[in-house]
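Enquirer: Take a look at query_22.pdb, PDB, C-alpha atoms:
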```
ATOM      1  CA  ARG A 549     -26.790 -13.394  28.426
ATOM      2  CA  LYS A 550     -30.409 -13.186  29.545
ATOM      3  CA  THR A 551     -30.506 -16.995  29.657
ATOM      4  CA  ASP A 552     -27.509 -17.301  32.014
ATOM      5  CA  VAL A 553     -28.303 -19.194  35.230
ATOM      6  CA  ARG A 554     -27.150 -16.233  37.313
ATOM      7  CA  VAL A 555     -29.608 -13.924  35.535
ATOM      8  CA  GLU A 556     -32.374 -16.459  36.191
ATOM      9  CA  ALA A 557     -31.296 -16.696  39.852
ATOM     10  CA  TYR A 558     -31.169 -12.962  40.571
ATOM     11  CA  GLY A 559     -34.309 -12.386  38.507
ATOM     12  CA  THR A 560     -36.162 -14.877  40.692
ATOM     13  CA  ALA A 561     -34.746 -13.283  43.854
ATOM     14  CA  ASP A 562     -35.938  -9.925  42.501
ATOM     15  CA  GLU A 563     -39.404 -11.400  41.896
ATOM     16  CA  LEU A 564     -39.375 -12.681  45.474
ATOM     17  CA  GLN A 565     -38.435  -9.243  46.761
ATOM     18  CA  ALA A 566     -41.327  -7.633  44.851
ATOM     19  CA  ASN A 567     -43.795 -10.184  46.226
ATOM     20  CA  ILE A 568     -42.570  -9.701  49.802
ATOM     21  CA  ALA A 569     -42.817  -5.912  49.409
ATOM     22  CA  TYR A 570     -46.401  -6.335  48.197
ATOM     23  CA  LEU A 571     -47.148  -8.609  51.158
ATOM     24  CA  ALA A 572     -45.694  -5.984  53.530
ATOM     25  CA  ASP A 573     -47.805  -3.243  51.940
ATOM     26  CA  LYS A 574     -50.943  -5.362  52.343
ATOM     27  CA  MET A 575     -50.078  -6.344  55.942
ATOM     28  CA  ALA A 576     -49.565  -2.687  56.862
ATOM     29  CA  HIS A 577     -53.359  -2.239  56.578
ATOM     30  CA  GLU A 578     -54.014  -4.874  59.260
ATOM     31  CA  GLU A 579     -53.070  -3.583  62.705
ATOM     32  CA  VAL A 580     -52.420  -7.075  64.102
ATOM     33  CA  LEU A 581     -49.887  -7.705  61.314
ATOM     34  CA  THR A 582     -47.921  -4.457  61.419
ATOM     35  CA  PRO A 583     -45.186  -5.994  63.623
ATOM     36  CA  TYR A 584     -44.208  -8.192  60.645
ATOM     37  CA  VAL A 585     -44.017  -5.362  58.132
ATOM     38  CA  GLU A 586     -40.590  -4.281  59.394
ATOM     39  CA  ASP A 587     -39.364  -7.881  59.108
ATOM     40  CA  CYS A 588     -40.413  -7.882  55.461
ATOM     41  CA  ARG A 589     -38.740  -4.542  54.761
ATOM     42  CA  ARG A 590     -35.509  -5.815  56.291
ATOM     43  CA  ILE A 591     -35.769  -9.013  54.253
ATOM     44  CA  CYS A 592     -36.261  -6.997  51.047
ATOM     45  CA  SER A 593     -33.037  -5.145  51.759
ATOM     46  CA  LYS A 594     -31.209  -8.456  52.222
ATOM     47  CA  LEU A 595     -32.703  -9.736  48.978
ATOM     48  CA  MET A 596     -31.127  -6.770  47.157
ATOM     49  CA  THR A 597     -27.817  -8.006  48.534
ATOM     50  CA  VAL A 598     -28.653 -11.534  47.330
ATOM     51  CA  CYS A 599     -29.372 -10.166  43.842
ATOM     52  CA  SER A 600     -26.085  -8.249  43.824
ATOM     53  CA  LEU A 601     -24.083 -11.266  44.924
ATOM     54  CA  LEU A 602     -25.737 -13.478  42.321
ATOM     55  CA  ALA A 603     -25.187 -10.923  39.567
ATOM     56  CA  LEU A 604     -21.492 -10.494  40.274
ATOM     57  CA  GLY A 605     -20.559 -13.969  41.475
ATOM     58  CA  SER A 606     -17.104 -14.043  42.988
ATOM     59  CA  GLY A 607     -15.898 -10.981  41.093
ATOM     60  CA  CYS A 608     -15.958  -7.332  42.051
ATOM     61  CA  LYS A 609     -16.006  -7.651  45.851
ATOM     62  CA  GLU A 610     -14.909  -4.062  46.370
ATOM     63  CA  ASN A 611     -17.699  -1.943  47.891
ATOM     64  CA  MET A 612     -20.097  -4.874  47.658
ATOM     65  CA  PRO A 613     -22.716  -5.426  50.329
ATOM     66  CA  THR A 614     -22.384  -8.744  52.113
ATOM     67  CA  LEU A 615     -24.521 -11.157  54.022
ATOM     68  CA  THR A 616     -23.318 -11.907  57.515
ATOM     69  CA  GLU A 617     -23.841 -14.650  60.050
ATOM     70  CA  GLY A 618     -25.856 -12.032  61.934
ATOM     71  CA  ASP A 619     -28.319 -11.755  59.027
ATOM     72  CA  ILE A 620     -28.939 -15.487  59.141
ATOM     73  CA  SER A 621     -29.127 -15.674  62.933
ATOM     74  CA  TRP A 622     -31.616 -12.756  62.935
ATOM     75  CA  LEU A 623     -33.829 -14.671  60.513
ATOM     76  CA  GLU A 624     -33.538 -17.839  62.602
ATOM     77  CA  SER A 625     -34.457 -15.899  65.737
ATOM     78  CA  ARG A 626     -37.553 -14.534  63.971
ATOM     79  CA  ILE A 627     -38.527 -18.079  62.917
ATOM     80  CA  ASP A 628     -38.151 -19.282  66.508
ATOM     81  CA  ALA A 629     -40.143 -16.331  67.887
ATOM     82  CA  LEU A 630     -43.039 -16.843  65.485
ATOM     83  CA  GLN A 631     -43.046 -20.598  65.896
ATOM     84  CA  ALA A 632     -43.101 -20.313  69.687
ATOM     85  CA  GLU A 633     -46.475 -18.552  69.456
ATOM     86  CA  LEU A 634     -48.060 -21.115  67.123
ATOM     87  CA  LYS A 635     -49.646 -24.385  68.042
ATOM     88  CA  PRO A 636     -48.007 -27.389  66.360
ATOM     89  CA  VAL A 637     -49.582 -28.707  63.167
ATOM     90  CA  GLU A 638     -50.368 -32.365  62.676
ATOM     91  CA  TYR A 639     -50.992 -32.107  58.932
ATOM     92  CA  PHE A 640     -49.378 -30.325  56.009
ATOM     93  CA  THR A 641     -50.606 -26.770  55.474
ATOM     94  CA  ILE A 642     -52.278 -26.018  52.152
ATOM     95  CA  PRO A 643     -52.269 -22.445  50.842
ATOM     96  CA  GLY A 644     -55.533 -20.641  51.392
ATOM     97  CA  GLY A 645     -57.733 -19.502  54.224
ATOM     98  CA  CYS A 646     -57.392 -15.777  53.597
ATOM     99  CA  GLU A 647     -55.906 -13.486  50.974
ATOM    100  CA  LEU A 648     -52.855 -12.435  53.008
ATOM    101  CA  SER A 649     -51.977 -15.967  54.003
ATOM    102  CA  SER A 650     -52.277 -17.058  50.371
ATOM    103  CA  LEU A 651     -50.055 -14.148  49.291
ATOM    104  CA  CYS A 652     -47.499 -15.201  51.878
ATOM    105  CA  HIS A 653     -47.604 -18.756  50.480
ATOM    106  CA  ILE A 654     -46.869 -17.296  47.035
ATOM    107  CA  CYS A 655     -43.818 -15.589  48.551
ATOM    108  CA  ARG A 656     -42.773 -18.896  50.133
ATOM    109  CA  THR A 657     -43.005 -20.812  46.858
ATOM    110  CA  VAL A 658     -41.157 -18.111  44.910
ATOM    111  CA  CYS A 659     -38.484 -18.250  47.634
ATOM    112  CA  ARG A 660     -38.118 -22.002  47.142
ATOM    113  CA  ARG A 661     -37.675 -21.423  43.397
ATOM    114  CA  ALA A 662     -35.134 -18.661  44.050
ATOM    115  CA  GLU A 663     -33.195 -21.092  46.242
ATOM    116  CA  ARG A 664     -33.234 -23.744  43.502
ATOM    117  CA  ARG A 665     -32.054 -21.213  40.909
ATOM    118  CA  ALA A 666     -29.286 -19.968  43.227
ATOM    119  CA  ILE A 667     -28.124 -23.549  43.828
ATOM    120  CA  GLU A 668     -28.036 -24.086  40.078
ATOM    121  CA  ALA A 669     -25.975 -20.913  39.671
ATOM    122  CA  ALA A 670     -23.615 -22.113  42.412
ATOM    123  CA  GLU A 671     -23.017 -25.299  40.422
ATOM    124  CA  ASN A 672     -21.629 -23.189  37.570
ATOM    125  CA  TYR A 673     -20.162 -20.128  39.294
ATOM    126  CA  GLU A 674     -18.513 -19.270  42.561
ATOM    127  CA  ILE A 675     -21.454 -17.983  44.612
ATOM    128  CA  ASP A 676     -21.401 -16.775  48.220
ATOM    129  CA  HIS A 677     -22.714 -19.745  50.234
ATOM    130  CA  SER A 678     -24.390 -17.458  52.784
ATOM    131  CA  LEU A 679     -27.011 -16.421  50.230
ATOM    132  CA  LEU A 680     -28.008 -20.072  49.790
ATOM    133  CA  VAL A 681     -28.404 -20.429  53.544
ATOM    134  CA  LEU A 682     -30.388 -17.189  53.748
ATOM    135  CA  LEU A 683     -32.813 -18.280  51.014
ATOM    136  CA  ASN A 684     -33.276 -21.656  52.694
ATOM    137  CA  ARG A 685     -34.055 -20.080  56.059
ATOM    138  CA  LEU A 686     -36.240 -17.434  54.430
ATOM    139  CA  SER A 687     -38.628 -20.062  53.062
ATOM    140  CA  ASP A 688     -38.994 -21.402  56.617
ATOM    141  CA  TYR A 689     -39.645 -17.876  57.913
ATOM    142  CA  LEU A 690     -42.306 -17.342  55.257
ATOM    143  CA  TYR A 691     -43.988 -20.629  56.194
ATOM    144  CA  VAL A 692     -44.312 -19.662  59.858
ATOM    145  CA  LEU A 693     -45.394 -16.165  58.796
ATOM    146  CA  CYS A 694     -48.193 -17.755  56.692
ATOM    147  CA  ARG A 695     -49.386 -19.595  59.769
ATOM    148  CA  THR A 696     -49.022 -16.487  61.938
ATOM    149  CA  ILE A 697     -51.062 -14.396  59.508
ATOM    150  CA  ALA A 698     -53.867 -16.963  59.533
ATOM    151  CA  GLU A 699     -53.856 -17.055  63.326
ATOM    152  CA  ARG A 700     -53.747 -13.279  63.813
ATOM    153  CA  LEU A 701     -56.601 -12.759  61.358
ATOM    154  CA  ASP A 702     -58.649 -15.637  62.780
ATOM    155  CA  ALA A 703     -58.624 -17.222  59.338
ATOM    156  CA  GLU A 704     -58.983 -20.904  58.700
ATOM    157  CA  GLU A 705     -55.663 -22.651  58.374
ATOM    158  CA  VAL A 706     -56.255 -25.080  55.540
ATOM    159  CA  LEU A 707     -54.737 -28.460  56.336
ATOM    160  CA  TRP A 708     -54.203 -31.401  54.009
ATOM    161  CA  ARG A 709     -56.073 -34.407  55.258
ATOM    162  CA  PRO A 710     -55.766 -37.102  52.601
TER     163      PRO A 710
END
```
Write out the structure in this file as structure tokens.

Expert:
Amino acid sequence: RKTDVRVEAYGTADELQANIAYLADKMAHEEVLTPYVEDCRRICSKLMTVCSLLALGSGCKENMPTLTEGDISWLESRIDALQAELKPVEYFTIPGGCELSSLCHICRTVCRRAERRAIEAAENYEIDHSLLVLLNRLSDYLYVLCRTIAERLDAEEVLWRP
């Protein structure tokens, strides 16, 4: 059914993939951001795997793509690499500052929703746990990418100062 939690989960992961692809296309026009375009393309490929795993649940494992520990460790290494180049923040970051950073924040928030939907699906179906870990780490990657974009484009990083 179209209202099944798995359909909602892989539909949201698909929406995330489309937003990340759009972000990559926009970043490709900024020379200082082109190193991150390949990251986004690789992530989109992994999100197709996430969608497949959510759609099929525990059934039909034959000829199915999988997520590996290497996929997650690659993402964690990218988070560490980006974070190492950023100065620490003392306040929460608010979306804004420049169009590409804002677009990346949209990707981050859609990722958080995709994770919530996948967790909900996992409560009702047998779902590969690695996709939950990947979505969790992906939102962290997107957060540091938002900050990296702002820095590389010399855009204001909007901070929440209550």

Enquirer: Stretch 554-560 of chain A, all listed atoms, 5 Å padding on each side: what axis-aligned box centre and edge lengths in Å to one decimal come out, as JSON?

Expert:
```
{"center_x": -31.7, "center_y": -14.5, "center_z": 38.1, "size_x": 19.0, "size_y": 14.3, "size_z": 15.2}
```

Enquirer: I'd like the contact shell of A:Pro613 - 12 Å cut-off, only C-alpha atoms, skipping same-chain residues fewer than 6 positions apart - returned as number ranges by chain.

Expert: A: 593-602, 604, 676, 679

Enquirer: Measuring between only C-alpha atoms, which one of A:Leu693, A:Ser650, A:Ile642, A:Glu610 shows the shortest distance to A:Asp587?

Expert: A:Leu693

Enquirer: Which residues, named as in the file, does the PyMOL selection byres ((chain A and resi 657) around 12) pick out? Answer as JSON, numbers by chain.

Expert: {"A": [560, 561, 563, 564, 567, 568, 642, 643, 650, 651, 652, 653, 654, 655, 656, 658, 659, 660, 661, 662, 663, 664, 683, 684, 686, 687, 688, 689, 690, 691, 694]}

Enquirer: Going by the chain IDs and residue numbers used in this file, which residues fall under the PyMOL selection byres ((chain A and resi 626) around 12)? Write them as an NGL selection string.

Expert: :A and (583-584 or 586-588 or 590-591 or 619-625 or 627-633 or 685-686 or 688-693 or 696)

Enquirer: Quick one: pull the distance between atom CA of A:Thr616 and atom CA of A:Ala666, Å, one decimal.

Expert: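 That distance, rounded to one decimal, is 17.5 Å.
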
Enquirer: Quick one: pull the distance between atom CA of A:Cys646 and atom CA of A:Arg695, Å, one decimal.

Expert: 10.8 Å

Enquirer: Between atom CA of A:Lys550 and atom CA of A:Leu615, what is the distance in Å, rounded to a tenth?

Expert: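 Separation between atom CA of A:Lys550 and atom CA of A:Leu615: 25.3 Å.
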
Enquirer: Just checking: using all atoms listed in the file, which residue out of A:Val555, A:Asp702, A:Arg589, A:Val637 ends up closest to A:Ala576?

Expert: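 So, comparing all the options, the nearest one is A:Arg589.
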